[in-house]
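Read the structure below first, then the notes.
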Amino acid sequence: MRLSEHGLLGTFYAAMRRPVPPAGRGYLRFGWLLLLLLAAQVISGVLLAVYYRPTPELASKSVAYIMRSVRWGWLIRGIHHWASFFVLALAGLQLVRIVATGAYQGVRRPRWTLGLLLLLALVGLAISGDLLPWDADAYWTARALLAEVERMPWLGAGLANVLRGSADVGADTLSRAFVLHVLLLPALVLLLVGVNLWMLERRARGEVRQ
Amino acid sequence: MIVVLDRGATQDDVAEVLDELAALGLEGRVLRTTERSLVHVSRGSTRLARRLARMERVTGLVPTSGPRVRREGRRFYPYHFVTWCAVAFLAMGALVALAGFLPPGLGDAVDPRAPAPAGFEPWYLRGLQRAAAAFPAGSAWMVWPAALAALVLLYLMPRLERAGGARGRSAALAVGGALLAIFVYVLLP
Amino acid sequence: MSFLVLPLDDDLLARVEQTAAARGLCLDVSRGEEQVIVCVASGGSAAELLEALPERGAVELVELQRREVYARQRARRRLLSALVASLALLTAVGWAIPIAGFLRPPPAPLHTPGFVPVASVQRLPPGGAQRVWVGERQVLVVQLRAGRYFALDGRCTFMEDCQLEWDPGRERVVCPCHGCVFDVYGNIVSGPPWAPLPSYTVERIGDRLYLGERK
């Protein structure tokens, strides 16, 4: 390889030029598509956060503002909304495929655990994201959800209290949903995806023994 | 890659081919046959040797990487990369189309005094409520330990399959199928 | 013209050479980086040798591809590269334009409660008016005489789609569509409207005028 054999660029070049082992039924592998959709989510999410205001008075108004006044706002919000749907659907299909083909054995087992955690984080993102517009639907969803959480034995009341943020569903709930959706869960997802990719790269380079 | 020269090729032509290969950083070895002169590109990336097909005294080339590529698979770039790009393009197009034709809505303003609006029931809420309803009255709280158990079961599937020995695969499929069935049932509107 | 391609396996090569010798074929073997090429120099063809092998294993037959084929392939490859490159450029532009546009501040700011700066005093001479956007509202800011400012809704209450204008001579806000006339407080002076014009509190702080809540 003449181009650059060292460092990050070298790793990237090597990864791009590496032969991909022929795999049966490659059309069922959604990994890279999921990665693309997650990237779309992160980018559209960051853009939306430029105009979104996480207070009960302005949350709904800012979302309406994005849809109506901000240039291309409808596109960014629409992409963010639909990509979240497809991310969950494809992640679920990926799970079904892995279980159906038993592709969680041996050297793949750590990535199975990572995948499950990732799935949970994605569901958390979907739920917290649904609350952010703070319209009537979001508000009542929050109440119903917290009522269900309270049913949990031992932890229920405490957990519901922490999620709710105060005695009743309101500004604090929205604030906590915002922190979850914009700061904590995306960081977790990025970490999990990063570790996943790193593990894949190590295996492709042959550094992992079966 | 084997470079096949014309029948009337001379030693000079063969030397020219070898020079060309050397200029590309490749190594060639002359094969002796009675009919034609052949040069086997024995070292280096044969992709570069393709341009020799343009030389005058060359009849053609024999690509020899076929079997190896079939065994090892094509490189990611450019082959799989192009496929991935096409898929990515289509996916983004689908997202844009959906964003345009089926935009997400925005409900009414929050009013704690008004009753809950009908119609909007996200899948996770509906799933939880239906699962809770499946348990006998009063013990709806059992939905949470059940959910946790399902998750732990899923996590342990690889180990269970290993432990199951010969029947492990079918057992795993059965468990997976059962979990999926429960999940779908709970989520069905 | 055909040849045999073998992986780098000495045993396999030995077997091939044995078979060839048994059938009286003269071989020319060349070892490459990744595989071994076997050329039948005389006595038969590579296809015959392949048939004669007791087990085929990983041995494959490869054929000559004439230069025209290569020329076509090259042309096709160039076309495909150009297509992919233009598609990639299209995608990059397709992403960059909406993102850049999204980040440009929209013409109308999001209305936040509290005082919002709307106009600068320099741009508003006595008797003059200025139309500003606050959130999704249009507001007409008017200076009647030195120091007296008024702010009224910019849309006629008769039919929403008409923009109001300031008539400095009569000191009235008029609607060019249906002839509605309001005064600076929003009261109806004449014309078809049935609802008075909403007005806003406006305060001058320094050089800027600030819009408050609706009165």
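Residues are named by chain letter and number: chains run A, B, ... in the order of the structure tokens, numbers start at 1 in each chain, and ligands are numbered from 1 in the order shown.
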Give me, as a PyMOL selection string, the contact residues of chain B against chain C at a cut-off of 10 Å, counting only C-alpha atoms.
chain B and resi 1-4+27-36+38-45+50-56+58-68+71+78+82+85-86+88-89+92-93
Write out, as an mmCIF file, in the first residue's frame, the residues just selected, with C-alpha atoms.
data_model
loop_
_atom_site.group_PDB
_atom_site.id
_atom_site.type_symbol
_atom_site.label_atom_id
_atom_site.label_comp_id
_atom_site.auth_asym_id
_atom_site.auth_seq_id
_atom_site.Cartn_x
_atom_site.Cartn_y
_atom_site.Cartn_z
ATOM 1 C CA MET B 1 -2.669 -12.176 -14.586
ATOM 2 C CA ILE B 2 -1.077 -13.622 -17.702
ATOM 3 C CA VAL B 3 -0.228 -11.432 -20.641
ATOM 4 C CA VAL B 4 -0.744 -13.254 -23.918
ATOM 5 C CA GLU B 27 7.414 -8.525 -11.809
ATOM 6 C CA GLY B 28 6.894 -10.679 -14.835
ATOM 7 C CA ARG B 29 8.025 -14.165 -15.687
ATOM 8 C CA VAL B 30 8.110 -15.503 -19.208
ATOM 9 C CA LEU B 31 6.390 -18.849 -19.760
ATOM 10 C CA ARG B 32 7.667 -20.903 -22.615
ATOM 11 C CA THR B 33 5.151 -22.387 -24.945
ATOM 12 C CA THR B 34 5.439 -23.497 -28.514
ATOM 13 C CA GLU B 35 2.695 -21.264 -29.841
ATOM 14 C CA ARG B 36 2.836 -17.926 -28.181
ATOM 15 C CA LEU B 38 3.277 -15.540 -22.351
ATOM 16 C CA VAL B 39 4.243 -13.386 -19.438
ATOM 17 C CA HIS B 40 2.947 -14.220 -15.985
ATOM 18 C CA VAL B 41 2.648 -11.234 -13.687
ATOM 19 C CA SER B 42 4.009 -12.964 -10.648
ATOM 20 C CA ARG B 43 4.284 -10.148 -8.180
ATOM 21 C CA GLY B 44 2.326 -7.001 -7.506
ATOM 22 C CA SER B 45 -1.162 -5.744 -7.955
ATOM 23 C CA ARG B 50 -4.665 -4.158 -16.940
ATOM 24 C CA ARG B 51 -3.305 -1.335 -19.008
ATOM 25 C CA LEU B 52 -1.092 -3.775 -20.856
ATOM 26 C CA ALA B 53 -4.184 -4.821 -22.759
ATOM 27 C CA ARG B 54 -3.707 -1.628 -24.722
ATOM 28 C CA MET B 55 -0.305 -2.610 -26.031
ATOM 29 C CA GLU B 56 -0.128 -3.413 -29.686
ATOM 30 C CA VAL B 58 -0.860 -8.127 -26.851
ATOM 31 C CA THR B 59 -3.762 -10.363 -27.805
ATOM 32 C CA GLY B 60 -5.317 -10.275 -24.416
ATOM 33 C CA LEU B 61 -4.948 -10.945 -20.736
ATOM 34 C CA VAL B 62 -5.899 -13.896 -18.606
ATOM 35 C CA PRO B 63 -7.321 -12.797 -15.267
ATOM 36 C CA THR B 64 -6.293 -15.259 -12.615
ATOM 37 C CA SER B 65 -7.576 -13.702 -9.429
ATOM 38 C CA GLY B 66 -11.072 -15.033 -9.946
ATOM 39 C CA PRO B 67 -10.779 -18.105 -7.729
ATOM 40 C CA ARG B 68 -9.059 -16.203 -4.947
ATOM 41 C CA ARG B 71 -12.785 -17.549 -1.927
ATOM 42 C CA PRO B 78 -14.898 -0.163 -4.414
ATOM 43 C CA VAL B 82 -20.706 1.312 -4.018
ATOM 44 C CA CYS B 85 -23.629 4.106 -1.158
ATOM 45 C CA ALA B 86 -26.578 3.108 -3.297
ATOM 46 C CA ALA B 88 -27.605 4.911 1.711
ATOM 47 C CA PHE B 89 -28.841 7.094 -1.119
ATOM 48 C CA MET B 92 -32.032 9.036 2.569
ATOM 49 C CA GLY B 93 -34.409 9.472 -0.338
#
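The environment of Leu90 of chain A within 12 Å, counting only C-alpha atoms and disregarding residues fewer than 6 places along the same chain, consists of Leu28, Arg29, Phe30, Gly31, Trp32, Leu33, Leu34, Leu35, Leu36, Leu37, Leu38, Ala83, Ser84, Val96, Arg97, Leu119 and Leu122 of chain A.
Running DSSP on the backbone gives strand (DSSP E) for these residues within segment 53-114 of chain C: Glu60, Leu61, Val62, Glu63, Gln65 and Arg66 of chain C.
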Expected file: the selected residues, N, CA and C atoms, as a PDB file, in the first residue's frame:
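Produced file selection.pdb, reproduced below:
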ATOM      1  N   GLU C  60      -8.732 -24.397 -10.715  1.00  0.00           N
ATOM      2  CA  GLU C  60      -9.729 -23.767 -11.579  1.00  0.00           C
ATOM      3  C   GLU C  60      -9.124 -23.483 -12.944  1.00  0.00           C
ATOM      4  N   LEU C  61     -10.029 -23.364 -13.899  1.00  0.00           N
ATOM      5  CA  LEU C  61      -9.631 -23.084 -15.271  1.00  0.00           C
ATOM      6  C   LEU C  61      -9.902 -21.606 -15.556  1.00  0.00           C
ATOM      7  N   VAL C  62      -8.910 -20.936 -16.145  1.00  0.00           N
ATOM      8  CA  VAL C  62      -9.155 -19.539 -16.514  1.00  0.00           C
ATOM      9  C   VAL C  62      -8.892 -19.375 -18.010  1.00  0.00           C
ATOM     10  N   GLU C  63      -9.640 -18.470 -18.630  1.00  0.00           N
ATOM     11  CA  GLU C  63      -9.594 -18.283 -20.075  1.00  0.00           C
ATOM     12  C   GLU C  63      -8.985 -16.940 -20.441  1.00  0.00           C
ATOM     13  N   GLN C  65      -8.924 -13.393 -22.051  1.00  0.00           N
ATOM     14  CA  GLN C  65      -9.875 -12.334 -22.373  1.00  0.00           C
ATOM     15  C   GLN C  65      -9.194 -11.378 -23.348  1.00  0.00           C
ATOM     16  N   ARG C  66      -9.795 -11.235 -24.499  1.00  0.00           N
ATOM     17  CA  ARG C  66      -9.155 -10.418 -25.520  1.00  0.00           C
ATOM     18  C   ARG C  66      -9.159  -8.949 -25.136  1.00  0.00           C
TER      19      ARG C  66
END
Exercise: segment 132-139 of chain A partners within 8 Å, only C-alpha atoms, chain neighbours under 4 positions left out, as a VMD selection string
(chain A and resid 54 56 59 to 60 63 128 143 169 174 177 to 178) or (chain B and resid 106 to 111 116 to 117 120)
May I have the selected residues written with C-alpha atoms, as a compact mmCIF listing (two decimals), in the first residue's frame?
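The resulting file, part.txt, is reproduced below:
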# COMPACT_ATOMS: atom_id res chain seq x y z
CA PRO A 54 -36.82 22.70 26.66
CA PRO A 56 -43.07 23.76 28.93
CA ALA A 59 -41.32 23.50 23.80
CA SER A 60 -44.40 23.09 21.68
CA VAL A 63 -41.34 22.73 17.52
CA SER A 128 -37.62 10.47 25.85
CA ARG A 143 -48.35 10.65 32.97
CA VAL A 169 -45.52 15.98 35.79
CA LEU A 174 -39.45 17.79 30.55
CA ALA A 177 -36.40 13.93 29.45
CA PHE A 178 -34.31 16.52 27.62
CA LEU B 106 -47.98 18.39 16.75
CA GLY B 107 -50.81 18.00 19.22
CA ASP B 108 -52.75 20.61 21.14
CA ALA B 109 -51.29 22.57 23.98
CA VAL B 110 -50.92 20.94 27.36
CA ASP B 111 -53.96 21.32 29.57
CA ALA B 116 -56.37 12.70 27.79
CA PRO B 117 -56.56 12.96 23.99
CA PHE B 120 -52.15 8.72 20.30
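Among A:Arg17, A:Lys61, A:Arg176, A:Arg71, the residue with the shortest atom-to-atom distance to chain C, counting only C-alpha atoms, is A:Arg71.
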Contacts of Val14 of chain B at 8 Å (only C-alpha atoms; same-chain gap of 5+ positions) as a list in words:
Leu5, Ala9, Ser37 and Val39 of chain B
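Using only C-alpha atoms, the shortest contact distance between Ser62 of chain A and any of C:Pro109, C:Tyr210, C:Arg123, C:Val142 is found at C:Pro109.
Excluding segment 125-130 of chain B itself and same-chain residues fewer than 3 positions from it, the residues having an atom within 8 Å of it are Thr141, Ala144, Leu145 and Glu148 of chain A; Glu121, Pro122, Ala133, Ala134, Val143, Val186, Leu187 and Pro189 of chain B, counting only C-alpha atoms.
For chain C, the residues no farther than 7 Å from chain A when using only C-alpha atoms are C:Pro98, C:Gly101, C:Phe102, C:Pro106, C:Leu110.
In the backbone-derived DSSP annotation, alpha helix (DSSP H) within segment 31-78 of chain B comprises Gly66, Pro67, Arg68, Val69, Arg70, Arg71 and Glu72 of chain B.
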Would you mind telling me which residue in A:Gly106, A:Pro21, A:Gly7, A:Gly115 lies nearest to chain B when using only C-alpha atoms?
A:Pro21
So that I can see what lies close to Ala146 of chain B, please list as a PyMOL selection string the residues with an atom at most 12 Å from it, counting only C-alpha atoms and leaving out residues fewer than 2 positions away in the same chain.
(chain A and resi 152-153) or (chain B and resi 128+131-132+134-135+139-144+148-153+179+182-183)
Selection near segment 191-203 of chain C, 9 Å with only C-alpha atoms, sequence-local residues under 6 positions removed, as a PyMOL selection string
chain C and resi 115+139+141+149-159+178-185+209-215
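Atom CA of Ala147 of chain B is positioned 16.2 Å from atom CA of Leu159 of chain A.
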Enter the distance from atom CA of Leu114 of chain A to atom CA of Arg202 of chain A, in Å, rounded to one decimal.
15.6 Å
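Minimum atom-to-atom distances from B:Pro112, B:Gly73, B:Gly138, B:Pro145 to chain A were compared using only C-alpha atoms, and the lowest value belongs to B:Gly73.
Of the residues under consideration (A:Trp198, A:Tyr52, A:Trp82, A:Trp154), A:Trp82 shows the shortest atom-to-atom contact distance to chain B when counting only C-alpha atoms.
Here atom CA of Ile79 of chain A stands at a distance of 6.4 Å from atom CA of Val96 of chain B.
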